[in-house]
Structure formats: structure tokens, C-alpha cells
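Notes follow the structure.
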Amino acid sequence: MEVTMLSRRKFLQSSAALAALPAVSWPTSLALAAGPAKHSNQVPGYFRISVGDIEVTALYDGMIILKPDILHGTNPKEMAVLLEDGCLYPTGSLPIPISAFLINTGQNLFMIDTGVGTGFGDKAGMIPGNIKAAGYSPEQVETILLTHMHSDHVLGLVDGNGQAIFPGAVVRVSQAEADYWLNQGLENRIPEGQKRFLAKIRQAVAPYMSSRKFKPFGPGESPAEGVSAVALPGHTPGQCGYKLSSQGQSLLAWGDIAHCQAAQFPRPEVTIDFDVDPAQAKATRKAIMAQAAREQCWIAGPHLPYPGLGHIRPRPKGYAWVPAEYRVAGV
Ligand SMILES: [Zn+2]
């Protein structure tokens, strides 16, 4: 009580003193100078987890910004609610992150996908810098496992001059996927707007083909030591996921099973314009989401909110995404 009374007396005294002062108008420049300078750069785009003894580093490549009308499979009203719940509406844009994953088993260093490289403007193509920020160099990568051959997964194989960024790496992709994209008749079966991307995809794998380091794998074949391939057709004909296990934990890198967490986890039936076979993509997504939720494995998804690592949990309708949290390394 005493403290309150003292404070009140002091307050009254100081208020009276202030009231006696002439009014001061502060110069605008002085008011602005008082604030700290802003920093426009982001934290480095790498994030690590451990899967048993395996070190997994998510590498941020950047983002592309598309329109929500590329998503299909539910009515517009419900889609608007889904996107609003994900805070993606009503801005009218659909930001899609792009990541790749660097895996160090202790014996081998390999990448799963490579990002978009210089192919999609200045908001992507950050993987070479982020590999270095993570303590590695592109020259150390021994194997590259492509989930599929869309631009945002393969154009990162080369720099702006078409030179291999990973000169020591063998590139592996399913035979079905390689057959589809490298078939010379494909130009005649795809829309006009996609033809320039097809040319870029072929240019990205060309240096690896000419050095005999482009090696597709067949059904049942392990694409790298300790890795099994999981056929996930639909988004593209030969899309594969990659599964690794260590010390009772496992990780599934599932490629483009989901592009929009806000829509496709609660409604796995939602498809996207880029699906080569939407009906098959939907069936595959439903099956692998159910399996991954049952197995409680880590998921690595290149288009899930960065770092694209987390778990999937069942809900009465659809699924929830539980993202990895920042933790002390090795825990
Ligand atoms: Zn993609």
C-alpha cells in the first residue's frame, strides 16, 4: 500500500512538471532513426533429423507461387474452406515450397531429388548454396535418387550452363519413369506449354547420360545400399518413393504424393493439374497415406511446408500432418 501511495505522489509531481513544459514537436527523421535496422536475409535453408543412425538433412530450394484452381476433387466452397484453414486464402495464391533431402548413412552420401535449379526464376535454385551451408559439397554426393522426372526435381542436376552440379554422382530413377520422359514420341502427346519443360528435363540428365552415370533401376532392384524403392505411380507413370530404416526407425521419401498440405491431408482425394493420371494418383495417395500412418514412419515430402519432414496421423476424415520440430541435434 505504501509503495502505491509513494508512486502516486511521484506520478502527480512528475505530471505537473510535464504539464509546465512547452509543447515539443519531434522531427520525423529523429523518430525513424530510433528503430533497429531490418535484416532481409533468411536463416540458412537446411534442417537435420536423425532416423536411427542415419542423418537426414532437408535442403530448401525455394518456392513457386501458383493459383489454387490447379487443385481439383472437391467443390469450390469446400476447397476455399480448406485453403482458408491453411491460411492460404483469400490471397488467391498457392505457394508451393520445394525441398530435396541429403542422406548420410555413415557409409554413403546421397540426395533424394535436386530441386529446380535455375529453371523457375529467382525464388528457387538455392540447393547448391544450402548444401555448403549444411557442411557438405555437391562434389561429395555419390548417388542421386530421383522420385520422378518433373522439372522441380531434376533441373537442379545442372547449373545455368548445363554443366553437372554433382559430377561424382550416379543418377538413379525407375526404368518406367526414364522410359516415359525420354521416349521421343512424348513431344506429340503433351500440351504445347509443357514442351519447353520437357526439353529442359532432357538437358538436365544429358551430362549424366553422356558420362554413363544415368542408371535407371528395374522393379525389385535396390537403387542404393540400404534403400528400397516403393512404386507410387499416378502423379507420373514411374514415380517412386524411397525407404530407409535404422535402429527401429524408418523414413519414406514419398515424392509428390502431396503438393498442398492444407487440402490433401484432410482430403486425400484432391488432385493437382500436374498429375499425369489423376485417378491413379488419387488411389496411390490414399494407399500410401494409410500405410505411412499405420507404420508411423518419418515422411520426407519435397512440397510439404519446409523442412518437409514429419509424420502423418489418421483423423476421423483424412489425415493430419505433424511437422518435425527444431530439436537439439541427434535427439
Ligand atoms: Zn514436384
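Labeling convention for the C-alpha cells: chains A, B, ... as they appear, residues from 1 per chain, ligands from 1 in order of appearance.
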
| said: Set the distance at 7 Å and use only C-alpha atoms: which residues neighbour Ala58 in chain A once local chain neighbours fewer than 5 positions away are removed? I'd like the list as a list of chain:residue names. | reply: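 Within the cut-off, the hits are A:Tyr46, A:Phe47, A:Arg48, A:Ser99, A:Ala100, A:Phe101, A:Leu102, A:Pro307.
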
Can you build me a table of chain A residues sitting at most 8 Å from ligand 1, with the closest atom pair per residue and its distance in Å to one decimal, using only C-alpha atoms and all ligand atoms, sorted by chain and residue number, as CSV?
```
residue,atom,partner,partner_atom_place_in_ligand_line,distance
A:Ile98,CA,ligand 1,1 (Zn),7.3
A:His150,CA,ligand 1,1 (Zn),6.2
A:Ser151,CA,ligand 1,1 (Zn),7.4
A:Asp152,CA,ligand 1,1 (Zn),5.3
A:His153,CA,ligand 1,1 (Zn),6.1
A:Gly255,CA,ligand 1,1 (Zn),7.1
A:Asp256,CA,ligand 1,1 (Zn),5.4
A:His259,CA,ligand 1,1 (Zn),7.3
A:Pro302,CA,ligand 1,1 (Zn),7.0
A:His303,CA,ligand 1,1 (Zn),6.6
```

Residues from last step as file, C-alpha atoms, as a PDB file, in the first residue's frame:
```
ATOM      1  CA  ILE A  98      10.493 -27.084 -52.953  1.00  0.00           C
ATOM      2  CA  HIS A 150       9.312 -33.361 -63.248  1.00  0.00           C
ATOM      3  CA  SER A 151      11.295 -30.119 -63.656  1.00  0.00           C
ATOM      4  CA  ASP A 152      11.239 -29.200 -59.963  1.00  0.00           C
ATOM      5  CA  HIS A 153      13.057 -32.445 -59.103  1.00  0.00           C
ATOM      6  CA  GLY A 255       7.970 -37.539 -53.834  1.00  0.00           C
ATOM      7  CA  ASP A 256       4.868 -35.685 -54.998  1.00  0.00           C
ATOM      8  CA  HIS A 259       1.615 -30.613 -53.022  1.00  0.00           C
ATOM      9  CA  PRO A 302       9.538 -32.012 -51.126  1.00  0.00           C
ATOM     10  CA  HIS A 303       6.373 -29.866 -51.343  1.00  0.00           C
TER      11      HIS A 303
END
```

Closest pair table for range 22-85 of chain A residues within 12 Å of range 230-250 of chain A, only C-alpha atoms, as CSV:
```
residue,atom,partner,partner_atom,distance
A:Ile49,CA,A:Gln249,CA,11.8
A:Ser50,CA,A:Gln249,CA,9.2
A:Val51,CA,A:Gln249,CA,5.8
A:Gly52,CA,A:Ser246,CA,4.6
A:Asp53,CA,A:Ser246,CA,6.0
A:Ile54,CA,A:Ser246,CA,6.7
A:Glu55,CA,A:Ser246,CA,10.3
A:Val56,CA,A:Leu244,CA,10.5
```

(message) Give me, as a PyMOL selection string, the residues of range 31-216 of chain A that a backbone DSSP run labels alpha helix (DSSP H).
(response) chain A and resi 31-33+76-85+127-133+151-154+175-182+195-210

Quiz item: Got a sec: who's within 9 Å of range 166-178 of chain A, counting only C-alpha atoms, leaving out chain neighbours fewer than 3 positions off, as a PyMOL selection string?
Solution: chain A and resi 110+137-149+157-158+163+181-183+205+207-209+212-219+223-224+229+231+236-240

Would you mind exporting the chosen residues as a CSV table (one decimal), in the first residue's frame, restricted to C-alpha atoms?
```
chain,number,residue,atom,x,y,z
A,110,PHE,CA,23.1,-39.4,-51.4
A,137,SER,CA,29.7,-30.0,-51.1
A,138,PRO,CA,27.9,-31.1,-54.2
A,139,GLU,CA,31.1,-33.0,-55.3
A,140,GLN,CA,30.7,-35.3,-52.3
A,141,VAL,CA,27.3,-36.7,-53.4
A,142,GLU,CA,27.7,-40.3,-54.6
A,143,THR,CA,24.2,-41.1,-55.7
A,144,ILE,CA,21.1,-39.1,-56.7
A,145,LEU,CA,17.7,-40.8,-56.4
A,146,LEU,CA,15.0,-39.1,-58.4
A,147,THR,CA,11.5,-39.7,-57.2
A,148,HIS,CA,10.3,-38.7,-60.6
A,149,MET,CA,11.4,-36.5,-63.5
A,157,LEU,CA,21.1,-31.6,-61.6
A,158,VAL,CA,22.8,-28.9,-63.8
A,163,GLN,CA,27.1,-28.5,-66.5
A,181,TRP,CA,10.3,-38.9,-70.2
A,182,LEU,CA,13.0,-40.0,-72.6
A,183,ASN,CA,10.6,-41.5,-75.2
A,205,VAL,CA,20.0,-35.5,-67.4
A,207,PRO,CA,25.6,-34.7,-68.9
A,208,TYR,CA,25.0,-37.7,-66.7
A,209,MET,CA,23.9,-39.9,-69.6
A,212,ARG,CA,27.3,-43.2,-68.3
A,213,LYS,CA,26.1,-42.1,-64.8
A,214,PHE,CA,22.4,-42.1,-65.6
A,215,LYS,CA,21.4,-45.6,-64.4
A,216,PRO,CA,17.6,-46.4,-64.2
A,217,PHE,CA,16.7,-49.3,-62.0
A,218,GLY,CA,14.1,-52.1,-62.5
A,219,PRO,CA,11.3,-53.4,-60.3
A,223,PRO,CA,18.6,-48.2,-56.1
A,224,ALA,CA,21.3,-47.6,-53.4
A,229,ALA,CA,12.1,-48.3,-53.9
A,231,ALA,CA,6.3,-47.7,-56.7
A,236,THR,CA,3.9,-39.6,-63.1
A,237,PRO,CA,3.9,-43.1,-64.5
A,238,GLY,CA,7.1,-44.3,-62.8
A,239,GLN,CA,7.2,-42.2,-59.6
A,240,CYS,CA,9.0,-44.0,-56.8
```

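Considering only C-alpha atoms, the residue among A:Lys286, A:His311, A:Arg202, A:Lys77 positioned nearest to Leu252 in chain A is A:His311.
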